[in-house]
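Contents: one structure, followed by commentary.
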Amino acid sequence: MTNHSELATFAGGCFWCMVEPFDERPGIINIASGYTGGDTENPTYEQVCSNTTGHVEAVQITFNPEIMSYEELVNIFWQQIDPTDAGGQFNDRGESYQTAIFYHNKQQKQIAEQSKQELDQSGKFSKPVITPIIPAKTFYEAEKEHQDYYKKQSFHYKLYKKGSGREDFIKRNWQQTPDKDKLKEQLSPIQYSVTQENATERPFDNEYWDNEEEGIYVDIVSGEVLFSSHDKFDAACGWPSFTKPVDPHQLNEETDTSHGMIRTEVRSKNADSHLGHLFDDGPKDKGGMRYCMNSAAMRFIPKEEMDEKGYSNYLYLFK
């Protein structure tokens with residue numbers, strides 16, 4: 001793996017909400033909030049918000065394309081915005097909150113245009129996808145207080161994302177709703193019981209608790225990548241345990257008060273499958289967390305089969 005890096009620049013309305021979806025994901029080197037698209041040099045937040053500079057709020061991402069492809073970044077971008085809104089985003093109105101993809105080379109332009117066309121023709125939205133795809137211009141980093149806002153002001157950020165309407169829009173348009181009848185046909189009884197009814201399989205009597213092969217573990221329903229064998233360890237509990245996921249954004253954590261206990265439930269983001277629970281009794285030298293999963297919620301892809309089964313972009317995990 002080389003140290004090669006590229007830039008990607010996206011405008012998706014308020015830049016506070018455009019950092020979190022990309023941050024701390026595999027292949028992401030840096031994310032900066034800032035202003036671009038206009039002609040005013042070194043604009044301030046107040047100037048940009050006045051809609052007199054021609055700039056939009058944007059994020060510029062430095063990424064390793066051998067781990068995170070530009071195509072994946074564009075797909076993530078679409079899932080954060082309303083690409084049919086020409087007047088801003090959600091409660092934020094005006095030109096500084098308009099969406100755009102700023103391409104840095106011909107390949108990025110081609111990928112973005114094709115992705116936009118596919119989204120427009122998919123029928124997901126009743127109105128046309130109007131987000132422009134335009135050449136990148138000078139990017140000016142925003143003031144310090146706007147960088148990593150979702151971390152620095154997490155409570156206010158969550159209120160803002162919810163209150164603006166962005167959070168509900170994303171859930172309404174992008175969260176999958178599995179067809180229970182089809183899943184009953186596709187899954188075994190234990191797989192269905194675990195993923196759809198929050199059951200727990202028996203310890204030491206499941207497929208992967210003692211599996212030591214190299215490879216990845218994916219959601220049995222959606223195929224989204226969850227864990228790597230490199231992060232698997234023997235927790236002596238009888239279930240497959242991991243110190244961390246491949247991509248934290250592919251998991252949701254929820255409070256579970258069933259069985260008279262307070263635990264942290266782990267669910268897959270896209271398919272909303274119940275996977276297992278998260279505990280803080282893992283190896284201290286690896287972060288101290290233990291993702292205790294059900295084998296029935298996952299499918300193991302050996303390293304040797306990852307390419308043929310469409311997971312070649314995750315082979316970097318074994319380099």
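In the structure tokens, each chain is lettered A, B, ... as it comes, each chain's residues begin at 1, and ligands are numbered from 1 in order of appearance.
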Which residues are near range 252-269 of chain A? Cut-off 10 Å, only C-alpha atoms, ignore same chain within fewer than 4 positions. Put them as JSON, numbers by chain. {"A": [175, 176, 195, 198, 218, 219, 221, 222, 224, 225, 226, 248, 273, 274, 275, 276, 277, 278, 279, 291, 292, 293, 297]}
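Residues in contact with Arg202 in chain A at 9 Å, where only C-alpha atoms are counted and same-chain residues fewer than 6 positions away are skipped, are listed as Gly238, Trp239 and Asn294 of chain A.
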Store the residues picked out above in a file with C-alpha atoms, as a compact mmCIF listing (two decimals), in the first residue's frame.
```
# COMPACT_ATOMS: atom_id res chain seq x y z
CA GLY A 238 -18.19 -18.80 23.41
CA TRP A 239 -19.13 -16.13 20.87
CA ASN A 294 -23.64 -13.75 17.09
```
Run DSSP on the backbone and give me the residues of range 1-197 of chain A it puts in strand (DSSP E), as a PyMOL selection string. chain A and resi 6-12+28-36+56-63+88-89+92-93+99-103+133-135+140-141
Quick one: residues within 9 Å of range 178-182 of chain A, only C-alpha atoms, excluding same-chain residues fewer than 2 positions away - as a JSON list (two decimals) with N, CA, C and O atoms, in the first residue's frame?
```
[["chain", "number", "residue", "atom", "x", "y", "z"],
["A", 176, "GLN", "N", -32.88, 1.19, 5.09],
["A", 176, "GLN", "CA", -33.55, 0.05, 4.48],
["A", 176, "GLN", "C", -34.61, -0.51, 5.42],
["A", 176, "GLN", "O", -34.45, -0.52, 6.63],
["A", 184, "LYS", "N", -37.40, -14.54, 5.83],
["A", 184, "LYS", "CA", -37.71, -15.87, 6.37],
["A", 184, "LYS", "C", -37.37, -16.97, 5.38],
["A", 184, "LYS", "O", -37.02, -18.08, 5.77],
["A", 185, "GLU", "N", -37.48, -16.63, 4.09],
["A", 185, "GLU", "CA", -37.13, -17.60, 3.05],
["A", 185, "GLU", "C", -35.63, -17.69, 2.86],
["A", 185, "GLU", "O", -35.09, -18.77, 2.59],
["A", 186, "GLN", "N", -34.93, -16.56, 3.00],
["A", 186, "GLN", "CA", -33.49, -16.51, 2.73],
["A", 186, "GLN", "C", -32.64, -16.98, 3.89],
["A", 186, "GLN", "O", -31.57, -17.55, 3.68],
["A", 187, "LEU", "N", -33.10, -16.75, 5.10],
["A", 187, "LEU", "CA", -32.30, -17.03, 6.28],
["A", 187, "LEU", "C", -32.71, -18.33, 6.95],
["A", 187, "LEU", "O", -33.87, -18.77, 6.84],
["A", 192, "TYR", "N", -32.63, -15.78, 11.28],
["A", 192, "TYR", "CA", -33.77, -14.87, 11.34],
["A", 192, "TYR", "C", -34.05, -14.47, 12.78],
["A", 192, "TYR", "O", -34.29, -13.29, 13.08],
["A", 196, "GLN", "N", -33.55, -10.54, 13.35],
["A", 196, "GLN", "CA", -34.83, -9.84, 13.29],
["A", 196, "GLN", "C", -35.59, -9.83, 14.62],
["A", 196, "GLN", "O", -36.47, -9.00, 14.82],
["A", 221, "VAL", "N", -27.55, -10.29, 6.22],
["A", 221, "VAL", "CA", -28.69, -9.76, 5.47],
["A", 221, "VAL", "C", -28.26, -8.89, 4.31],
["A", 221, "VAL", "O", -28.67, -9.10, 3.17],
["A", 271, "ALA", "N", -28.85, -2.61, 7.25],
["A", 271, "ALA", "CA", -29.90, -3.62, 7.32],
["A", 271, "ALA", "C", -30.64, -3.61, 8.65],
["A", 271, "ALA", "O", -31.68, -4.24, 8.79],
["A", 272, "ASP", "N", -30.11, -2.89, 9.63],
["A", 272, "ASP", "CA", -30.69, -2.84, 10.98],
["A", 272, "ASP", "C", -30.78, -4.24, 11.59],
["A", 272, "ASP", "O", -31.73, -4.57, 12.31]]
```
Using only C-alpha atoms, find each residue in range 75-183 of chain A having at least one atom no more than 9 Å away from range 45-60 of chain A; report its shortest atom-to-atom pair and that distance in Å (one decimal), rows by chain then rising number, as a Markdown table.
```
| residue | atom | partner | partner_atom | distance |
| --- | --- | --- | --- | --- |
| A:Gly94 | CA | A:Asn51 | CA | 6.7 |
| A:Glu95 | CA | A:Asn51 | CA | 6.0 |
| A:Ser96 | CA | A:Val56 | CA | 4.0 |
| A:Tyr97 | CA | A:Val56 | CA | 5.9 |
| A:Gln98 | CA | A:Val56 | CA | 6.5 |
| A:Thr99 | CA | A:Val56 | CA | 7.9 |
| A:Ala100 | CA | A:Ala58 | CA | 8.6 |
| A:Phe139 | CA | A:Gln60 | CA | 7.7 |
| A:Glu141 | CA | A:Gln60 | CA | 8.7 |
| A:Ala142 | CA | A:Tyr45 | CA | 7.0 |
| A:Glu143 | CA | A:Tyr45 | CA | 7.4 |
```
Enumerate as a PyMOL selection string all residues of range 177-269 of chain A assigned to helix (DSSP H, G or I) by DSSP on the backbone, naming them with the chain letters and numbers the document uses. chain A and resi 180-186+189-197+229-231+248-250+258-260
One residue among A:Glu6, A:Glu167, A:Glu213, A:Glu201 is nearest to Asn30 in chain A when using only C-alpha atoms, and that residue is A:Glu6
Near range 23-25 of chain A, counting only C-alpha atoms, which residues have an atom at most 12 Å away, once you skip same-chain residues fewer than 3 positions from it, shown as a short mmCIF file (atom, residue, chain, number, x, y, z; two decimals) with all heavy atoms, in the first residue's frame?
```cif
data_model
loop_
_atom_site.label_atom_id
_atom_site.label_comp_id
_atom_site.auth_asym_id
_atom_site.auth_seq_id
_atom_site.Cartn_x
_atom_site.Cartn_y
_atom_site.Cartn_z
N TRP A 16 -21.12 21.66 9.37
CA TRP A 16 -21.08 20.91 10.62
C TRP A 16 -21.55 19.46 10.40
O TRP A 16 -21.03 18.53 11.00
CB TRP A 16 -22.00 21.55 11.66
CG TRP A 16 -21.59 22.89 12.17
CD1 TRP A 16 -20.38 23.50 12.00
CD2 TRP A 16 -22.40 23.79 12.93
NE1 TRP A 16 -20.38 24.74 12.61
CE2 TRP A 16 -21.61 24.94 13.18
CE3 TRP A 16 -23.71 23.74 13.40
CZ2 TRP A 16 -22.10 26.03 13.90
CZ3 TRP A 16 -24.20 24.82 14.11
CH2 TRP A 16 -23.41 25.95 14.37
N CYS A 17 -22.55 19.32 9.54
CA CYS A 17 -23.16 18.00 9.33
C CYS A 17 -22.47 17.17 8.27
O CYS A 17 -22.87 16.02 8.02
CB CYS A 17 -24.63 18.17 8.94
SG CYS A 17 -25.66 18.92 10.23
N MET A 18 -21.45 17.72 7.64
CA MET A 18 -20.79 17.01 6.55
C MET A 18 -19.44 16.42 6.94
O MET A 18 -18.76 15.83 6.11
CB MET A 18 -20.63 17.93 5.34
CG MET A 18 -21.95 18.32 4.68
SD MET A 18 -22.92 16.89 4.14
CE MET A 18 -21.85 16.27 2.85
N VAL A 19 -19.06 16.58 8.19
CA VAL A 19 -17.80 16.00 8.66
C VAL A 19 -18.02 14.60 9.24
O VAL A 19 -17.34 13.64 8.87
CB VAL A 19 -17.13 16.91 9.71
CG1 VAL A 19 -15.87 16.25 10.28
CG2 VAL A 19 -16.77 18.26 9.10
N GLU A 20 -18.99 14.49 10.12
CA GLU A 20 -19.24 13.22 10.82
C GLU A 20 -19.40 12.02 9.88
O GLU A 20 -18.85 10.95 10.15
CB GLU A 20 -20.47 13.35 11.71
CG GLU A 20 -20.78 12.09 12.49
CD GLU A 20 -22.15 12.13 13.14
OE1 GLU A 20 -22.97 12.99 12.77
OE2 GLU A 20 -22.40 11.27 14.01
N ILE A 28 -9.67 7.58 5.29
CA ILE A 28 -9.82 9.03 5.45
C ILE A 28 -8.64 9.56 6.24
O ILE A 28 -8.40 9.15 7.39
CB ILE A 28 -11.14 9.40 6.15
CG1 ILE A 28 -12.32 8.84 5.37
CG2 ILE A 28 -11.24 10.90 6.32
CD1 ILE A 28 -12.43 9.36 3.95
N ILE A 29 -7.90 10.48 5.66
CA ILE A 29 -6.70 11.02 6.29
C ILE A 29 -7.00 12.32 7.04
O ILE A 29 -6.54 12.53 8.16
CB ILE A 29 -5.61 11.27 5.22
CG1 ILE A 29 -5.25 9.94 4.52
CG2 ILE A 29 -4.37 11.91 5.84
CD1 ILE A 29 -4.38 10.11 3.29
N ASN A 30 -7.81 13.18 6.43
CA ASN A 30 -8.13 14.46 7.06
C ASN A 30 -9.41 15.02 6.46
O ASN A 30 -9.72 14.79 5.29
CB ASN A 30 -6.99 15.46 6.85
CG ASN A 30 -7.24 16.77 7.57
OD1 ASN A 30 -7.31 16.82 8.80
ND2 ASN A 30 -7.37 17.85 6.82
N ILE A 31 -10.15 15.78 7.28
CA ILE A 31 -11.35 16.47 6.80
C ILE A 31 -11.31 17.90 7.33
O ILE A 31 -11.13 18.11 8.54
CB ILE A 31 -12.65 15.81 7.27
CG1 ILE A 31 -12.68 14.33 6.88
CG2 ILE A 31 -13.86 16.52 6.66
CD1 ILE A 31 -13.91 13.60 7.38
N ALA A 32 -11.48 18.86 6.44
CA ALA A 32 -11.50 20.27 6.84
C ALA A 32 -12.82 20.89 6.40
O ALA A 32 -13.30 20.66 5.29
CB ALA A 32 -10.34 21.03 6.22
N SER A 33 -13.40 21.68 7.28
CA SER A 33 -14.58 22.47 6.93
C SER A 33 -14.12 23.79 6.36
O SER A 33 -13.12 24.36 6.83
CB SER A 33 -15.45 22.72 8.17
OG SER A 33 -15.93 21.51 8.70
N VAL A 59 -16.81 20.73 2.67
CA VAL A 59 -15.75 19.98 3.35
C VAL A 59 -14.76 19.50 2.29
O VAL A 59 -15.16 19.14 1.17
CB VAL A 59 -16.30 18.77 4.14
CG1 VAL A 59 -17.09 19.24 5.35
CG2 VAL A 59 -17.13 17.85 3.26
N GLN A 60 -13.49 19.53 2.65
CA GLN A 60 -12.46 19.00 1.78
C GLN A 60 -11.81 17.81 2.48
O GLN A 60 -11.33 17.92 3.61
CB GLN A 60 -11.41 20.05 1.45
CG GLN A 60 -10.43 19.57 0.38
CD GLN A 60 -9.74 20.72 -0.33
OE1 GLN A 60 -8.67 21.13 0.08
NE2 GLN A 60 -10.36 21.25 -1.38
N ILE A 61 -11.83 16.68 1.79
CA ILE A 61 -11.41 15.41 2.38
C ILE A 61 -10.12 14.95 1.72
O ILE A 61 -10.03 14.88 0.49
CB ILE A 61 -12.50 14.34 2.17
CG1 ILE A 61 -13.82 14.82 2.79
CG2 ILE A 61 -12.08 13.01 2.76
CD1 ILE A 61 -15.02 13.98 2.38
N THR A 62 -9.13 14.65 2.52
CA THR A 62 -7.91 14.01 2.04
C THR A 62 -8.06 12.52 2.30
O THR A 62 -8.31 12.11 3.44
CB THR A 62 -6.67 14.55 2.78
OG1 THR A 62 -6.64 15.99 2.69
CG2 THR A 62 -5.40 13.99 2.16
N PHE A 63 -7.93 11.72 1.26
CA PHE A 63 -8.20 10.29 1.41
C PHE A 63 -7.21 9.44 0.62
O PHE A 63 -6.57 9.91 -0.33
CB PHE A 63 -9.63 9.95 0.96
CG PHE A 63 -9.88 10.12 -0.53
CD1 PHE A 63 -9.93 9.01 -1.37
CD2 PHE A 63 -10.07 11.38 -1.09
CE1 PHE A 63 -10.15 9.16 -2.73
CE2 PHE A 63 -10.30 11.53 -2.45
CZ PHE A 63 -10.35 10.42 -3.26
N ASN A 64 -7.09 8.19 1.04
CA ASN A 64 -6.26 7.21 0.35
C ASN A 64 -7.17 6.40 -0.57
O ASN A 64 -7.98 5.61 -0.09
CB ASN A 64 -5.58 6.28 1.36
CG ASN A 64 -4.62 5.29 0.70
OD1 ASN A 64 -4.75 4.99 -0.49
ND2 ASN A 64 -3.68 4.78 1.45
N ILE A 67 -7.84 2.60 -0.27
CA ILE A 67 -8.66 2.09 0.81
C ILE A 67 -10.10 2.57 0.66
O ILE A 67 -11.05 1.78 0.72
CB ILE A 67 -8.10 2.54 2.18
CG1 ILE A 67 -6.70 1.95 2.38
CG2 ILE A 67 -9.03 2.12 3.31
CD1 ILE A 67 -6.02 2.39 3.66
N MET A 68 -10.29 3.85 0.46
CA MET A 68 -11.61 4.44 0.25
C MET A 68 -11.65 5.04 -1.14
O MET A 68 -10.94 6.01 -1.43
CB MET A 68 -11.89 5.51 1.30
CG MET A 68 -13.21 6.24 1.13
SD MET A 68 -14.68 5.24 1.46
CE MET A 68 -14.67 5.19 3.26
N SER A 69 -12.45 4.50 -2.01
CA SER A 69 -12.50 4.99 -3.39
C SER A 69 -13.31 6.28 -3.47
O SER A 69 -14.16 6.56 -2.62
CB SER A 69 -13.12 3.94 -4.31
OG SER A 69 -14.51 3.79 -4.03
N GLU A 72 -16.99 5.58 -3.57
CA GLU A 72 -17.61 5.37 -2.25
C GLU A 72 -17.88 6.70 -1.57
O GLU A 72 -18.92 6.88 -0.91
CB GLU A 72 -16.69 4.51 -1.38
CG GLU A 72 -16.60 3.06 -1.81
CD GLU A 72 -15.62 2.28 -0.96
OE1 GLU A 72 -14.40 2.40 -1.20
OE2 GLU A 72 -16.06 1.57 -0.04
N LEU A 73 -16.95 7.64 -1.69
CA LEU A 73 -17.15 8.96 -1.09
C LEU A 73 -18.37 9.66 -1.68
O LEU A 73 -19.15 10.27 -0.95
CB LEU A 73 -15.90 9.82 -1.28
CG LEU A 73 -14.64 9.40 -0.53
CD1 LEU A 73 -13.48 10.32 -0.91
CD2 LEU A 73 -14.86 9.44 0.97
N ILE A 76 -21.49 8.14 -0.25
CA ILE A 76 -21.72 8.63 1.12
C ILE A 76 -22.30 10.04 1.08
O ILE A 76 -23.22 10.38 1.82
CB ILE A 76 -20.42 8.60 1.93
CG1 ILE A 76 -19.94 7.16 2.13
CG2 ILE A 76 -20.61 9.28 3.29
CD1 ILE A 76 -18.54 7.05 2.72
N GLN A 147 -14.21 23.67 12.97
CA GLN A 147 -13.59 22.39 12.64
C GLN A 147 -14.02 21.33 13.66
O GLN A 147 -14.03 21.58 14.86
CB GLN A 147 -12.06 22.53 12.63
CG GLN A 147 -11.52 23.61 11.72
CD GLN A 147 -11.87 23.39 10.25
OE1 GLN A 147 -12.07 22.26 9.80
NE2 GLN A 147 -11.95 24.49 9.50
N ASP A 148 -14.39 20.14 13.16
CA ASP A 148 -14.82 19.02 14.03
C ASP A 148 -15.91 19.45 15.00
O ASP A 148 -15.93 19.05 16.18
CB ASP A 148 -13.62 18.46 14.80
CG ASP A 148 -12.59 17.82 13.90
OD1 ASP A 148 -12.98 17.13 12.95
OD2 ASP A 148 -11.39 18.02 14.15
N TYR A 149 -16.84 20.23 14.52
CA TYR A 149 -17.89 20.77 15.39
C TYR A 149 -18.71 19.65 16.04
O TYR A 149 -19.13 19.77 17.20
CB TYR A 149 -18.81 21.70 14.60
CG TYR A 149 -19.77 22.47 15.47
CD1 TYR A 149 -19.40 23.68 16.05
CD2 TYR A 149 -21.06 22.00 15.71
CE1 TYR A 149 -20.28 24.40 16.85
CE2 TYR A 149 -21.95 22.70 16.50
CZ TYR A 149 -21.56 23.90 17.07
OH TYR A 149 -22.43 24.59 17.87
N TYR A 150 -18.92 18.57 15.32
CA TYR A 150 -19.74 17.49 15.86
C TYR A 150 -19.10 16.83 17.07
O TYR A 150 -19.80 16.21 17.90
CB TYR A 150 -20.06 16.45 14.77
CG TYR A 150 -19.02 15.37 14.58
CD1 TYR A 150 -19.15 14.14 15.21
CD2 TYR A 150 -17.91 15.57 13.76
CE1 TYR A 150 -18.21 13.14 15.03
CE2 TYR A 150 -16.98 14.58 13.57
CZ TYR A 150 -17.12 13.36 14.21
OH TYR A 150 -16.18 12.37 14.03
N LYS A 151 -17.78 16.98 17.21
CA LYS A 151 -17.09 16.46 18.39
C LYS A 151 -17.02 17.50 19.50
O LYS A 151 -17.24 17.19 20.67
CB LYS A 151 -15.66 16.03 18.02
CG LYS A 151 -15.56 14.83 17.10
CD LYS A 151 -14.10 14.53 16.81
CE LYS A 151 -13.93 13.34 15.90
NZ LYS A 151 -12.50 13.09 15.56
N PRO A 245 -14.69 -2.61 14.96
CA PRO A 245 -15.24 -2.90 13.63
C PRO A 245 -14.30 -2.37 12.55
O PRO A 245 -13.41 -1.56 12.82
CB PRO A 245 -16.55 -2.12 13.63
CG PRO A 245 -16.28 -0.95 14.52
CD PRO A 245 -15.34 -1.45 15.59
N VAL A 246 -14.50 -2.82 11.33
CA VAL A 246 -13.73 -2.29 10.20
C VAL A 246 -14.07 -0.82 9.99
O VAL A 246 -13.19 0.02 9.78
CB VAL A 246 -14.02 -3.11 8.92
CG1 VAL A 246 -13.40 -2.42 7.70
CG2 VAL A 246 -13.45 -4.52 9.06
N ASP A 247 -15.35 -0.50 10.06
CA ASP A 247 -15.82 0.88 9.86
C ASP A 247 -16.90 1.17 10.89
O ASP A 247 -18.00 0.64 10.80
CB ASP A 247 -16.38 1.03 8.45
CG ASP A 247 -16.81 2.47 8.14
OD1 ASP A 247 -16.87 3.29 9.07
OD2 ASP A 247 -17.09 2.76 6.96
N PRO A 248 -16.61 2.00 11.90
CA PRO A 248 -17.60 2.29 12.94
C PRO A 248 -18.91 2.82 12.39
O PRO A 248 -19.96 2.66 13.03
CB PRO A 248 -16.89 3.35 13.81
CG PRO A 248 -15.45 3.18 13.54
CD PRO A 248 -15.35 2.72 12.11
N HIS A 249 -18.88 3.45 11.22
CA HIS A 249 -20.10 4.02 10.65
C HIS A 249 -21.07 2.94 10.16
O HIS A 249 -22.22 3.25 9.86
CB HIS A 249 -19.75 4.95 9.49
CG HIS A 249 -19.19 6.26 9.93
ND1 HIS A 249 -19.94 7.41 10.02
CD2 HIS A 249 -17.94 6.61 10.33
CE1 HIS A 249 -19.19 8.41 10.44
NE2 HIS A 249 -17.97 7.95 10.63
N GLN A 250 -20.61 1.71 10.08
CA GLN A 250 -21.50 0.64 9.63
C GLN A 250 -22.27 0.01 10.78
O GLN A 250 -23.05 -0.93 10.57
CB GLN A 250 -20.68 -0.46 8.92
CG GLN A 250 -20.00 0.01 7.64
CD GLN A 250 -21.01 0.40 6.57
OE1 GLN A 250 -21.64 1.45 6.64
NE2 GLN A 250 -21.17 -0.45 5.58
N LEU A 251 -22.07 0.52 11.99
CA LEU A 251 -22.75 -0.01 13.17
C LEU A 251 -23.54 1.08 13.87
O LEU A 251 -23.16 2.24 13.88
CB LEU A 251 -21.75 -0.61 14.16
CG LEU A 251 -20.82 -1.72 13.65
CD1 LEU A 251 -19.89 -2.17 14.77
CD2 LEU A 251 -21.62 -2.90 13.11
#
```
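Distances from A:Glu207, A:Pro21, A:Gln89, A:Ala136 to Lys106 in chain A were compared using only C-alpha atoms, and the smallest one belongs to A:Ala136.
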Atom-to-atom span, CA of Trp174 in chain A and CA of Thr200 in chain A, Å: 27.8 Å
At a cut-off of 12 Å, using only C-alpha atoms, what residues contact Asp210 in chain A? Leave out same-chain residues fewer than 3 positions from it and give the result as a ChimeraX atom specification. /A:203-207,213,229,232-241,295
Can you spit out the residues from that selection as a PDB file, in the first residue's frame, using N, CA and C atoms?
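Result written to result-v4.pdb:
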```pdb
ATOM      1  N   PRO A 203     -23.670 -20.159  23.405  1.00  0.00           N
ATOM      2  CA  PRO A 203     -22.207 -20.029  23.391  1.00  0.00           C
ATOM      3  C   PRO A 203     -21.534 -21.376  23.112  1.00  0.00           C
ATOM      4  N   PHE A 204     -20.399 -21.322  22.460  1.00  0.00           N
ATOM      5  CA  PHE A 204     -19.585 -22.497  22.121  1.00  0.00           C
ATOM      6  C   PHE A 204     -20.335 -23.466  21.204  1.00  0.00           C
ATOM      7  N   ASP A 205     -21.454 -23.030  20.663  1.00  0.00           N
ATOM      8  CA  ASP A 205     -22.230 -23.873  19.768  1.00  0.00           C
ATOM      9  C   ASP A 205     -22.729 -23.019  18.607  1.00  0.00           C
ATOM     10  N   ASN A 206     -21.771 -22.327  17.981  1.00  0.00           N
ATOM     11  CA  ASN A 206     -22.087 -21.474  16.844  1.00  0.00           C
ATOM     12  C   ASN A 206     -20.910 -21.506  15.881  1.00  0.00           C
ATOM     13  N   GLU A 207     -21.115 -21.044  14.685  1.00  0.00           N
ATOM     14  CA  GLU A 207     -20.185 -21.315  13.581  1.00  0.00           C
ATOM     15  C   GLU A 207     -18.808 -20.678  13.716  1.00  0.00           C
ATOM     16  N   GLU A 213      -9.459 -18.447  10.693  1.00  0.00           N
ATOM     17  CA  GLU A 213      -9.067 -18.118   9.326  1.00  0.00           C
ATOM     18  C   GLU A 213      -8.975 -16.607   9.122  1.00  0.00           C
ATOM     19  N   SER A 229     -10.787 -10.447  10.635  1.00  0.00           N
ATOM     20  CA  SER A 229     -10.174 -11.483  11.474  1.00  0.00           C
ATOM     21  C   SER A 229      -8.984 -10.938  12.259  1.00  0.00           C
ATOM     22  N   LYS A 232     -10.172 -10.040  15.681  1.00  0.00           N
ATOM     23  CA  LYS A 232     -10.874 -11.088  16.418  1.00  0.00           C
ATOM     24  C   LYS A 232      -9.958 -11.640  17.513  1.00  0.00           C
ATOM     25  N   PHE A 233     -10.544 -11.952  18.659  1.00  0.00           N
ATOM     26  CA  PHE A 233      -9.739 -12.519  19.743  1.00  0.00           C
ATOM     27  C   PHE A 233     -10.587 -13.506  20.544  1.00  0.00           C
ATOM     28  N   ASP A 234      -9.922 -14.362  21.278  1.00  0.00           N
ATOM     29  CA  ASP A 234     -10.601 -15.362  22.107  1.00  0.00           C
ATOM     30  C   ASP A 234     -10.950 -14.736  23.445  1.00  0.00           C
ATOM     31  N   ALA A 235     -12.220 -14.444  23.637  1.00  0.00           N
ATOM     32  CA  ALA A 235     -12.674 -13.826  24.884  1.00  0.00           C
ATOM     33  C   ALA A 235     -13.154 -14.869  25.887  1.00  0.00           C
ATOM     34  N   ALA A 236     -13.045 -16.140  25.519  1.00  0.00           N
ATOM     35  CA  ALA A 236     -13.455 -17.240  26.397  1.00  0.00           C
ATOM     36  C   ALA A 236     -14.934 -17.150  26.773  1.00  0.00           C
ATOM     37  N   CYS A 237     -15.726 -16.567  25.891  1.00  0.00           N
ATOM     38  CA  CYS A 237     -17.155 -16.407  26.182  1.00  0.00           C
ATOM     39  C   CYS A 237     -18.026 -17.315  25.324  1.00  0.00           C
ATOM     40  N   GLY A 238     -17.427 -17.889  24.261  1.00  0.00           N
ATOM     41  CA  GLY A 238     -18.186 -18.795  23.408  1.00  0.00           C
ATOM     42  C   GLY A 238     -18.841 -18.148  22.209  1.00  0.00           C
ATOM     43  N   TRP A 239     -18.622 -16.837  22.043  1.00  0.00           N
ATOM     44  CA  TRP A 239     -19.126 -16.134  20.867  1.00  0.00           C
ATOM     45  C   TRP A 239     -17.957 -15.429  20.176  1.00  0.00           C
ATOM     46  N   PRO A 240     -18.038 -15.203  18.863  1.00  0.00           N
ATOM     47  CA  PRO A 240     -16.957 -14.461  18.190  1.00  0.00           C
ATOM     48  C   PRO A 240     -16.870 -13.043  18.750  1.00  0.00           C
ATOM     49  N   SER A 241     -15.649 -12.645  19.133  1.00  0.00           N
ATOM     50  CA  SER A 241     -15.446 -11.338  19.752  1.00  0.00           C
ATOM     51  C   SER A 241     -14.387 -10.560  18.998  1.00  0.00           C
ATOM     52  N   SER A 295     -22.671 -15.449  15.671  1.00  0.00           N
ATOM     53  CA  SER A 295     -22.243 -16.003  14.382  1.00  0.00           C
ATOM     54  C   SER A 295     -23.385 -15.993  13.374  1.00  0.00           C
TER      55      SER A 295
END
```
If we count only C-alpha atoms, what is near Gly223 in chain A at a cut-off of 10 Å, once residues fewer than 5 positions away on the same chain are taken out, given as a list of chain:residue names? A:Tyr217, A:Val218, A:Asn270, A:Ala271, A:Met298, A:Arg299, A:Tyr311
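In this structure, CA of Asn75 in chain A sits 15.5 Å away from CA of Ile130 in chain A.
Note that the spacing between CA of Asp85 in chain A and CA of Tyr35 in chain A amounts to 19.5 Å.
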